[in-house]
file coords-v8.tsv (TSV, C-alpha atoms and all ligand atoms)
chain	number	residue	atom	x	y	z
A	103	MET	CA	-13.32	2.07	-32.73
A	104	LYS	CA	-10.54	2.99	-35.08
A	105	ILE	CA	-9.32	-0.29	-36.54
A	106	LEU	CA	-6.12	-0.94	-38.45
A	107	LEU	CA	-6.83	-3.61	-41.05
A	108	VAL	CA	-3.72	-5.38	-42.31
A	109	ASP	CA	-3.98	-7.80	-45.24
A	110	ASP	CA	-2.01	-8.23	-48.44
A	111	SER	CA	-5.14	-9.06	-50.46
A	112	ARG	CA	-6.92	-6.02	-51.77
A	113	THR	CA	-10.14	-8.05	-52.15
A	114	VAL	CA	-10.07	-9.26	-48.56
A	115	ARG	CA	-9.42	-5.69	-47.37
A	116	ALA	CA	-12.38	-4.42	-49.39
A	117	VAL	CA	-14.76	-7.05	-47.97
A	118	LEU	CA	-13.58	-6.65	-44.36
A	119	SER	CA	-13.48	-2.90	-44.60
A	120	ARG	CA	-17.12	-2.80	-45.68
A	121	MET	CA	-18.02	-5.24	-42.90
A	122	LEU	CA	-16.25	-3.13	-40.25
A	123	CYS	CA	-17.81	0.09	-41.46
A	124	GLY	CA	-21.16	-1.68	-41.32
A	125	LEU	CA	-20.41	-2.48	-37.66
A	126	GLY	CA	-19.82	1.22	-37.06
A	127	HIS	CA	-16.01	1.27	-36.93
A	128	ALA	CA	-13.52	3.51	-38.71
A	129	VAL	CA	-10.92	1.66	-40.78
A	130	VAL	CA	-7.32	2.35	-41.69
A	131	GLU	CA	-5.75	-0.09	-44.18
A	132	ALA	CA	-2.24	-1.48	-44.55
A	133	GLN	CA	-1.09	-4.13	-47.01
A	134	ASP	CA	1.69	-5.73	-44.98
A	135	GLY	CA	3.41	-5.79	-41.59
A	136	SER	CA	5.86	-2.99	-42.27
A	137	GLN	CA	3.14	-0.70	-43.56
A	138	ALA	CA	1.15	-1.53	-40.43
A	139	LEU	CA	4.07	-0.49	-38.22
A	140	GLU	CA	4.49	2.73	-40.17
A	141	CYS	CA	0.82	3.46	-39.76
A	142	LEU	CA	0.90	2.78	-35.98
A	143	GLY	CA	3.83	5.14	-35.64
A	144	ARG	CA	1.82	7.81	-37.43
A	145	GLU	CA	-1.63	7.58	-35.83
A	146	PRO	CA	-3.07	5.86	-32.78
A	147	VAL	CA	-5.61	3.10	-33.41
A	148	ASP	CA	-7.81	1.13	-30.99
A	149	LEU	CA	-7.46	-2.35	-32.47
A	150	VAL	CA	-5.49	-4.24	-35.13
A	151	LEU	CA	-6.86	-6.96	-37.41
A	152	LEU	CA	-3.85	-8.78	-38.72
A	153	ASP	CA	-3.45	-11.25	-41.58
A	154	VAL	CA	-0.84	-14.00	-41.01
A	155	GLN	CA	0.56	-14.75	-44.43
A	156	MET	CA	1.89	-11.57	-46.00
A	157	PRO	CA	5.03	-10.78	-48.01
A	158	ARG	CA	8.08	-9.17	-46.30
A	159	LEU	CA	6.90	-8.94	-42.65
A	160	ASP	CA	4.37	-11.67	-41.83
A	161	GLY	CA	1.69	-11.41	-39.12
A	162	PHE	CA	3.67	-13.20	-36.41
A	163	ASP	CA	6.73	-10.98	-36.85
A	164	ALA	CA	4.56	-7.90	-37.15
A	165	VAL	CA	2.83	-8.63	-33.84
A	166	ARG	CA	6.18	-9.02	-32.09
A	167	ARG	CA	7.35	-5.71	-33.50
A	168	ILE	CA	4.11	-3.97	-32.51
A	169	ARG	CA	4.36	-5.25	-28.93
A	170	ALA	CA	7.99	-4.20	-28.68
A	171	LEU	CA	7.11	-0.76	-30.00
A	172	GLN	CA	4.38	-0.07	-27.48
A	173	ASN	CA	5.91	0.55	-24.13
A	174	ASN	CA	3.29	-0.48	-21.56
A	175	ARG	CA	0.31	0.69	-23.66
A	176	TRP	CA	-1.60	-2.39	-24.79
A	177	ILE	CA	-3.57	-2.47	-28.03
A	178	PRO	CA	-5.81	-5.43	-28.94
A	179	ILE	CA	-4.60	-7.49	-31.89
A	180	ILE	CA	-6.76	-10.13	-33.59
A	181	PHE	CA	-5.30	-12.44	-36.21
A	182	LEU	CA	-7.43	-13.03	-39.29
A	183	SER	CA	-5.75	-16.00	-40.88
A	184	GLY	CA	-6.44	-17.95	-44.05
A	185	ARG	CA	-5.35	-21.15	-42.28
A	186	GLU	CA	-7.33	-23.05	-39.70
A	187	SER	CA	-4.45	-24.44	-37.63
A	188	ASP	CA	-4.10	-25.03	-33.90
A	189	THR	CA	-0.34	-24.57	-34.15
A	190	ASP	CA	-0.75	-21.23	-35.90
A	191	LEU	CA	-3.31	-20.14	-33.34
A	192	GLU	CA	-0.90	-20.99	-30.52
A	193	LYS	CA	1.99	-19.34	-32.33
A	194	GLY	CA	-0.07	-16.20	-32.86
A	195	ILE	CA	-1.08	-15.91	-29.23
A	196	LEU	CA	2.47	-16.63	-28.04
A	197	ALA	CA	3.80	-13.97	-30.40
A	198	GLY	CA	1.54	-11.45	-28.66
A	199	GLY	CA	-1.83	-11.66	-30.41
A	200	ASP	CA	-5.04	-11.66	-28.40
A	201	ASP	CA	-7.28	-13.77	-30.61
A	202	TYR	CA	-7.12	-15.84	-33.79
A	203	LEU	CA	-9.98	-16.03	-36.29
A	204	VAL	CA	-10.14	-17.90	-39.58
A	205	LYS	CA	-11.26	-16.33	-42.85
A	206	PRO	CA	-13.90	-16.08	-44.07
A	207	VAL	CA	-15.31	-14.67	-40.87
A	208	SER	CA	-18.95	-13.80	-40.32
A	209	PRO	CA	-19.86	-10.23	-39.38
A	210	VAL	CA	-21.54	-11.54	-36.23
A	211	VAL	CA	-18.43	-13.34	-34.97
A	212	LEU	CA	-16.10	-10.47	-35.93
A	213	GLY	CA	-18.40	-7.94	-34.27
A	214	ALA	CA	-18.60	-9.99	-31.07
A	215	LYS	CA	-14.84	-10.56	-30.90
A	216	ILE	CA	-14.19	-6.86	-31.42
A	217	ARG	CA	-16.72	-6.07	-28.72
A	218	ALA	CA	-14.84	-8.35	-26.25
A	219	MET	CA	-11.57	-6.62	-27.02
A	220	GLN	CA	-13.20	-3.21	-26.73
A	221	ARG	CA	-14.27	-4.08	-23.20
A	222	ILE	CA	-10.70	-4.86	-22.12
A	223	HIS	CA	-9.40	-1.85	-23.98
A	224	ASP	CA	-11.88	0.42	-22.14
A	225	MET	CA	-10.88	-1.12	-18.83
A	226	GLN	CA	-7.27	-0.44	-19.62
A	227	ARG	CA	-8.03	3.19	-20.40
A	228	GLN	CA	-9.95	3.58	-17.13
A	229	LEU	CA	-7.06	2.01	-15.25
A	230	PHE	CA	-4.65	4.35	-16.97
A	231	GLU	CA	-6.72	7.41	-16.08
A	232	LEU	CA	-7.10	6.20	-12.51
A	233	THR	CA	-3.35	5.72	-12.21
A	234	GLU	CA	-2.75	9.22	-13.49
A	235	ARG	CA	-5.25	10.69	-11.03
A	236	LEU	CA	-3.73	8.69	-8.22
A	237	ALA	CA	-0.25	9.93	-9.07
A	238	LYS	CA	-1.53	13.52	-9.10
A	239	ALA	CA	-3.38	13.07	-5.81
A	240	ASN	CA	-0.24	11.56	-4.28
A	241	GLN	CA	1.76	14.56	-5.39
A	242	GLU	CA	-0.78	16.92	-3.85
A	243	LEU	CA	-0.79	14.91	-0.64
A	244	ALA	CA	2.99	14.96	-0.46
A	245	GLN	CA	2.86	18.73	-0.90
A	246	LEU	CA	0.20	19.09	1.82
A	247	ALA	CA	2.17	16.88	4.18
A	248	ARG	CA	5.02	19.40	4.09
A	249	GLN	CA	2.88	22.47	4.51
A	250	ASP	CA	1.52	24.14	7.64
A	251	SER	CA	-2.25	24.14	7.20
A	252	LEU	CA	-2.85	27.45	8.99
A	253	THR	CA	-0.23	29.66	7.38
A	254	GLY	CA	0.70	27.82	4.16
A	255	VAL	CA	4.43	28.02	4.89
A	256	ALA	CA	6.48	24.84	5.40
A	257	ASN	CA	5.71	22.79	8.51
A	258	ARG	CA	8.10	21.53	11.14
A	259	HIS	CA	8.69	18.24	9.39
A	260	HIS	CA	9.66	19.98	6.16
A	261	PHE	CA	11.85	22.37	8.13
A	262	ASP	CA	13.75	19.49	9.75
A	263	GLU	CA	14.37	17.92	6.35
A	264	ARG	CA	15.50	21.17	4.77
A	265	LEU	CA	17.78	22.16	7.63
A	266	ALA	CA	19.60	18.81	7.44
A	267	GLU	CA	19.97	19.19	3.66
A	268	GLU	CA	21.22	22.77	3.81
A	269	LEU	CA	23.62	21.95	6.60
A	270	ALA	CA	25.13	19.14	4.54
A	271	ARG	CA	25.36	21.41	1.51
A	272	ALA	CA	27.02	24.24	3.45
A	273	ARG	CA	29.53	21.79	4.90
A	274	ARG	CA	30.33	20.38	1.48
A	275	HIS	CA	30.82	23.77	-0.14
A	276	ARG	CA	32.38	25.38	2.96
A	277	VAL	CA	29.92	28.28	2.88
A	278	PRO	CA	28.01	29.87	5.76
A	279	LEU	CA	24.48	28.84	6.67
A	280	GLY	CA	22.12	31.19	8.51
A	281	LEU	CA	19.24	30.26	10.78
A	282	LEU	CA	16.67	32.58	12.36
A	283	LEU	CA	14.09	31.72	14.99
A	284	CYS	CA	11.24	34.16	15.32
A	285	ASP	CA	8.71	34.34	18.17
A	286	VAL	CA	5.65	36.60	18.44
A	287	ASP	CA	5.83	38.98	21.38
A	288	ASP	CA	3.19	38.74	24.10
A	289	PHE	CA	1.08	36.50	21.95
A	290	LYS	CA	-0.71	34.90	24.85
A	291	ALA	CA	-2.02	38.36	25.75
A	292	TYR	CA	-3.07	38.87	22.12
A	293	ASN	CA	-5.16	35.69	22.15
A	294	ASP	CA	-6.60	36.56	25.54
A	295	ARG	CA	-7.72	39.98	24.35
A	296	TYR	CA	-8.73	39.41	20.72
A	297	GLY	CA	-9.63	35.73	20.74
A	298	HIS	CA	-8.03	32.67	19.25
A	299	PRO	CA	-9.44	33.10	15.70
A	300	ALA	CA	-7.94	36.61	15.54
A	301	GLY	CA	-4.70	35.07	16.80
A	302	ASP	CA	-4.79	32.58	13.94
A	303	ALA	CA	-5.36	35.35	11.39
A	304	CYS	CA	-2.47	37.24	12.93
A	305	LEU	CA	-0.15	34.23	12.51
A	306	GLN	CA	-1.17	33.99	8.84
A	307	ARG	CA	-0.23	37.61	8.21
A	308	ILE	CA	3.05	37.24	10.10
A	309	ALA	CA	3.97	34.17	8.02
A	310	ALA	CA	3.36	36.15	4.83
A	311	ALA	CA	5.39	39.10	6.15
A	312	LEU	CA	8.31	36.80	7.00
A	313	ALA	CA	8.16	35.20	3.56
A	314	SER	CA	8.21	38.65	1.96
A	315	ALA	CA	11.33	39.54	3.96
A	316	CYS	CA	13.24	36.70	2.26
A	317	ARG	CA	15.14	38.04	-0.71
A	318	ARG	CA	16.48	34.85	-2.23
A	319	ALA	CA	14.57	31.97	-3.76
A	320	THR	CA	16.66	29.61	-1.62
A	321	ASP	CA	15.57	31.28	1.66
A	322	PHE	CA	13.05	29.11	3.44
A	323	VAL	CA	10.30	29.96	5.94
A	324	ALA	CA	8.65	27.40	8.21
A	325	ARG	CA	6.26	27.37	11.12
A	326	TYR	CA	8.44	25.89	13.82
A	327	GLY	CA	5.82	25.64	16.55
A	328	GLY	CA	2.70	27.43	17.83
A	329	GLU	CA	3.71	31.08	17.38
A	330	GLU	CA	7.29	30.45	16.38
A	331	PHE	CA	8.71	30.57	12.88
A	332	ALA	CA	12.10	29.59	11.51
A	333	LEU	CA	14.01	30.92	8.51
A	334	ILE	CA	16.78	28.95	6.85
A	335	LEU	CA	19.14	31.24	4.96
A	336	PRO	CA	21.61	29.32	2.78
A	337	ASP	CA	24.90	30.98	1.84
A	338	THR	CA	24.31	33.76	4.35
A	339	ASP	CA	26.86	35.09	6.84
A	340	ALA	CA	26.24	36.88	10.16
A	341	ALA	CA	25.74	40.27	8.49
A	342	GLY	CA	23.25	38.78	6.04
A	343	VAL	CA	21.34	37.06	8.85
A	344	ALA	CA	21.14	40.35	10.76
A	345	SER	CA	19.84	42.17	7.71
A	346	VAL	CA	17.11	39.59	6.94
A	347	ALA	CA	16.17	39.61	10.63
A	348	GLU	CA	15.79	43.37	10.68
A	349	ALA	CA	13.76	43.29	7.46
A	350	ALA	CA	11.49	40.61	8.93
A	351	ARG	CA	11.07	42.47	12.21
A	352	ALA	CA	10.24	45.71	10.37
A	353	ARG	CA	7.76	44.04	8.03
A	354	VAL	CA	5.81	42.47	10.88
A	355	GLU	CA	5.73	45.77	12.74
A	356	ALA	CA	4.63	47.52	9.54
A	357	LEU	CA	1.58	45.24	9.33
A	358	GLY	CA	0.28	47.50	12.10
A	359	ILE	CA	-1.89	44.83	13.73
A	360	PRO	CA	-3.19	46.50	16.92
A	361	HIS	CA	-2.03	44.80	20.11
A	362	ALA	CA	-3.24	46.68	23.16
A	363	GLY	CA	-1.95	43.98	25.50
A	364	SER	CA	1.65	44.18	24.31
A	365	ARG	CA	4.24	45.30	26.81
A	366	VAL	CA	6.57	46.63	24.13
A	367	SER	CA	4.47	48.22	21.40
A	368	THR	CA	0.95	49.16	20.32
A	369	VAL	CA	1.10	46.69	17.44
A	370	VAL	CA	2.07	43.05	17.03
A	371	THR	CA	5.84	42.56	16.98
A	372	VAL	CA	8.29	39.67	16.85
A	373	SER	CA	11.64	38.91	18.42
A	374	LEU	CA	14.33	37.06	16.48
A	375	GLY	CA	17.40	35.07	17.37
A	376	GLY	CA	19.94	34.18	14.71
A	377	VAL	CA	23.08	32.26	14.01
A	378	ALA	CA	25.41	31.94	11.04
A	379	VAL	CA	28.09	29.26	10.77
A	380	VAL	CA	30.40	27.69	8.28
A	381	PRO	CA	29.66	24.18	9.51
A	382	ASP	CA	32.34	21.68	10.44
A	383	PRO	CA	31.75	17.97	10.96
A	384	SER	CA	30.60	18.57	14.55
A	385	THR	CA	27.85	21.07	13.56
A	386	THR	CA	24.41	19.46	13.90
A	387	PRO	CA	20.91	20.85	13.22
A	388	ALA	CA	20.24	20.61	16.98
A	389	LEU	CA	23.28	22.75	17.72
A	390	LEU	CA	22.18	25.45	15.26
A	391	ILE	CA	18.68	25.50	16.74
A	392	ARG	CA	20.05	25.65	20.27
A	393	ARG	CA	22.22	28.65	19.40
A	394	ALA	CA	19.42	30.48	17.57
A	395	ASP	CA	17.07	29.77	20.47
A	396	ALA	CA	19.59	31.11	23.00
A	397	ALA	CA	19.87	34.28	20.89
A	398	LEU	CA	16.08	34.54	20.73
A	399	TYR	CA	15.95	34.29	24.50
A	400	ARG	CA	18.40	37.21	24.72
A	401	ALA	CA	16.27	39.27	22.29
A	402	LYS	CA	13.30	38.70	24.61
A	403	LEU	CA	15.33	39.65	27.68
A	404	GLU	CA	16.70	42.76	26.02
A	405	GLY	CA	13.21	44.11	25.44
A	406	ARG	CA	11.52	42.21	22.56
A	407	ASN	CA	10.73	43.55	19.07
A	408	ARG	CA	14.39	43.09	18.22
A	409	PHE	CA	17.05	40.76	16.88
A	410	ALA	CA	19.90	39.19	18.79
A	411	ALA	CA	22.71	36.93	17.60
A	501	LIG	P1	6.70	36.16	24.71
A	501	LIG	O1	6.74	37.58	24.26
A	501	LIG	O2	7.62	35.88	25.82
A	501	LIG	O3	6.91	35.23	23.59
A	501	LIG	O4	5.25	35.93	25.27
A	501	LIG	P2	4.11	35.03	24.67
A	501	LIG	O5	2.85	35.38	25.34
A	501	LIG	O6	4.10	35.12	23.19
A	501	LIG	O7	4.63	33.58	25.03
A	501	LIG	P3	3.88	32.28	25.45
A	501	LIG	O8	4.76	31.16	25.01
A	501	LIG	O9	3.53	32.37	26.90
A	501	LIG	O10	2.56	32.26	24.62
A	501	LIG	C1	2.48	31.79	23.33
A	501	LIG	C2	1.06	31.85	22.93
A	501	LIG	O11	0.87	31.50	21.55
A	501	LIG	C3	0.19	30.94	23.75
A	501	LIG	C4	-0.58	30.15	22.72
A	501	LIG	O12	-1.94	30.07	23.04
A	501	LIG	C5	-0.40	30.94	21.45
A	501	LIG	N1	-0.48	30.11	20.29
A	501	LIG	C6	0.32	29.09	19.94
A	501	LIG	N2	-0.09	28.55	18.78
A	501	LIG	C7	-1.18	29.22	18.37
A	501	LIG	C8	-2.06	29.13	17.24
A	501	LIG	O13	-1.92	28.28	16.39
A	501	LIG	N3	-3.08	30.00	17.16
A	501	LIG	C9	-3.25	30.95	18.11
A	501	LIG	N4	-4.26	31.79	17.96
A	501	LIG	N5	-2.46	31.05	19.17
A	501	LIG	C10	-1.44	30.22	19.33
A	502	MG	MG	-2.43	-13.03	-46.67
A	503	MG	MG	6.84	31.01	22.02
A	504	MG	MG	5.79	34.50	22.07
call {"tool": "encode", "arguments": {"input": "coords-v8.tsv", "output": "structure tokens"}}
result
Amino acid sequence: MKILLVDDSRTVRAVLSRMLCGLGHAVVEAQDGSQALECLGREPVDLVLLDVQMPRLDGFDAVRRIRALQNNRWIPIIFLSGRESDTDLEKGILAGGDDYLVKPVSPVVLGAKIRAMQRIHDMQRQLFELTERLAKANQELAQLARQDSLTGVANRHHFDERLAEELARARRHRVPLGLLLCDVDDFKAYNDRYGHPAGDACLQRIAAALASACRRATDFVARYGGEEFALILPDTDAAGVASVAEAARARVEALGIPHAGSRVSTVVTVSLGGVAVVPDPSTTPALLIRRADAALYRAKLEGRNRFAA
């Protein structure tokens, strides 16, 4: 352990320092409370041995200042006092010390007391590391909970959250909000012919193609359902929605995934329905989805592999 030894007597420091080194610890010395504080600000130590009677800042005041200085990181502090006094012992503990020994102290007692503190200190470190790992795991979990596990794009839950947020933002700033719904054409036939695992792989490539069709960092792709995707396009008017839709359609087609069972092409294609609105107070997420879905239905009716608004 790295121990900060605080005592105004040079002789005492010399004796204790030798004792601590003999016990296998590294020692940093300070001759009063303010020097101790300076030292703690400069370098981290694992334990403080603190004299009580010292000029300027005494041990009791020093301990209060040390505790105030450390926000939530505990460091063991043992008083090494010249006075055997129950009142001082109580005062020292109340001020924030962890133990109170009387000088002269035997190496055996000092070693054992340090060992006890070391145990708590280690436990604290483990707890700290565990807390950090837990926080990181929680973050990862939160991320996973918003992600579609097959395609890696946002899931339905995340989509619902984002759509509500973007709708509120568009209303506040009186700017248009675009929404696209995208459905794979004749996908049942694709699964039937190539198998479900190939269908899954196909969905993964389509998700990536849709993401690559988004030009702005604020555009947002989600898996809306089985073989349906949704794109939220903030600050995008009808012309912008049509242009992203065409880019998305073209990119999926350009993947060139063979689809012999398709009624409209030789490769996998998608149909898209879109809407763009400057929302007013009556515009709800459900209304936007309903309108995009109606447009998607028209795109299907009009022959698939196309966009309708
Ligand atoms: P349409 O052009 O009218 O959209 O025809 P479709 O065959 O795509 O429409 P339908 O809704 O009848 O079929 C959707 C298919 O998508 C059926 C379902 O098995 C498949 N599907 C949904 N989710 C998944 C998935 O996660 N993986 C795979 N492989 N297939 C899926
Ligand atoms: Mg002293
Ligand atoms: Mg569908
Ligand atoms: Mg479909």
call {"tool": "residues_near_ligand", "arguments": {"input": "coords-v8.tsv", "ligand": "ligand MG 502 (chain A)", "cutoff": "7 Å", "atoms": "all atoms listed in the file", "output": "list of chain:residue names"}}
result
A:Asp109, A:Asp110, A:Ser111, A:Asp153, A:Val154, A:Gln155, A:Met156, A:Gly184
call {"tool": "atom_distance", "arguments": {"input": "coords-v8.tsv", "atom1": "atom CA of Gln228 of chain A", "atom2": "atom CA of Cys123 of chain A"}}
result
25.8 Å
call {"tool": "residues_near_ligand", "arguments": {"input": "coords-v8.tsv", "ligand": "ligand MG 503 (chain A)", "cutoff": "7 Å", "atoms": "all atoms listed in the file", "output": "PyMOL selection string"}}
result
chain A and resi 285-286+328-330
call {"tool": "write_last_selection", "arguments": {"input": "coords-v8.tsv", "atoms": "C-alpha atoms", "output": "PDB file, in the coordinates of the input"}}
result
ATOM      1  CA  ASP A 285       8.710  34.340  18.170  1.00  0.00           C
ATOM      2  CA  VAL A 286       5.650  36.600  18.440  1.00  0.00           C
ATOM      3  CA  GLY A 328       2.700  27.430  17.830  1.00  0.00           C
ATOM      4  CA  GLU A 329       3.710  31.080  17.380  1.00  0.00           C
ATOM      5  CA  GLU A 330       7.290  30.450  16.380  1.00  0.00           C
TER       6      GLU A 330
END
call {"tool": "residues_around", "arguments": {"input": "coords-v8.tsv", "residues": "segment 395-399 of chain A", "least_positions_apart": "2", "cutoff": "8 Å", "atoms": "only C-alpha atoms", "output": "list in words"}}
result
Leu283, Cys284, Asp285, Ser373, Leu374, Gly375, Gly376, Val377, Ile391, Arg392, Arg393, Ala401, Lys402, Leu403, Phe409, Ala410 and Ala411 of chain A
call {"tool": "residues_near_ligand", "arguments": {"input": "coords-v8.tsv", "ligand": "ligand LIG 501 (chain A)", "cutoff": "10 Å", "atoms": "all atoms listed in the file", "output": "MDAnalysis selection string"}}
result
chainID A and resid 252:253 284:294 296:306 325 327:330 363:366 371:373 398:399 401:403 405:407
call {"tool": "residues_around", "arguments": {"input": "coords-v8.tsv", "residues": "Arg115 of chain A", "least_positions_apart": "6", "cutoff": "12 Å", "atoms": "all atoms listed in the file", "output": "PyMOL selection string"}}
result
chain A and resi 106-109+121-123+129-134+151-153+182+205-206
call {"tool": "closest_residue", "arguments": {"input": "coords-v8.tsv", "among": "A:Ala349, A:Ile359, A:Ala170, A:Leu149", "to": "Arg217 of chain A", "atoms": "only C-alpha atoms"}}
result
A:Leu149
call {"tool": "atom_distance", "arguments": {"input": "coords-v8.tsv", "atom1": "atom CA of Glu263 of chain A", "atom2": "atom CA of Arg276 of chain A"}}
result
19.8 Å
call {"tool": "atom_distance", "arguments": {"input": "coords-v8.tsv", "atom1": "atom CA of Arg227 of chain A", "atom2": "atom CA of Gly194 of chain A"}}
result
24.4 Å
call {"tool": "closest_residue", "arguments": {"input": "coords-v8.tsv", "among": "A:Leu390, A:Ile180, A:Phe331, A:Thr385", "to": "ligand MG 504 (chain A)", "atoms": "all atoms listed in the file"}}
result
A:Phe331
call {"tool": "closest_residue", "arguments": {"input": "coords-v8.tsv", "among": "A:Val370, A:Ala341, A:Ile216, A:Val165", "to": "ligand MG 504 (chain A)", "atoms": "all atoms listed in the file"}}
result
A:Val370
call {"tool": "residues_around", "arguments": {"input": "coords-v8.tsv", "residues": "Ala378 of chain A", "least_positions_apart": "6", "cutoff": "6 Å", "atoms": "only C-alpha atoms", "output": "PyMOL selection string"}}
result
chain A and resi 279-280+339-340
call {"tool": "residues_around", "arguments": {"input": "coords-v8.tsv", "residues": "Ala218 of chain A", "least_positions_apart": "6", "cutoff": "12 Å", "atoms": "only C-alpha atoms", "output": "list in words"}}
result
Leu149, Pro178, Ile179, Ile180, Asp200, Asp201, Val211, Leu212, Asp224 and Met225 of chain A
call {"tool": "axis_aligned_box", "arguments": {"input": "coords-v8.tsv", "around": "segment 125-134 of chain A", "padding_each_side": "5 Å", "output": "JSON"}}
result
{"center_x": -9.4, "center_y": -1.1, "center_z": -42.0, "size_x": 32.1, "size_y": 19.2, "size_z": 20.1}
call {"tool": "closest_residue", "arguments": {"input": "coords-v8.tsv", "among": "A:Leu243, A:Leu142, A:Leu389, A:Ala197", "to": "Phe162 of chain A", "atoms": "all atoms listed in the file"}}
result
A:Ala197
call {"tool": "residues_around", "arguments": {"input": "coords-v8.tsv", "residues": "segment 229-234 of chain A", "least_positions_apart": "5", "cutoff": "12 Å", "atoms": "only C-alpha atoms", "output": "NGL selection string"}}
result
:A and (174-176 or 222-224 or 239-241)
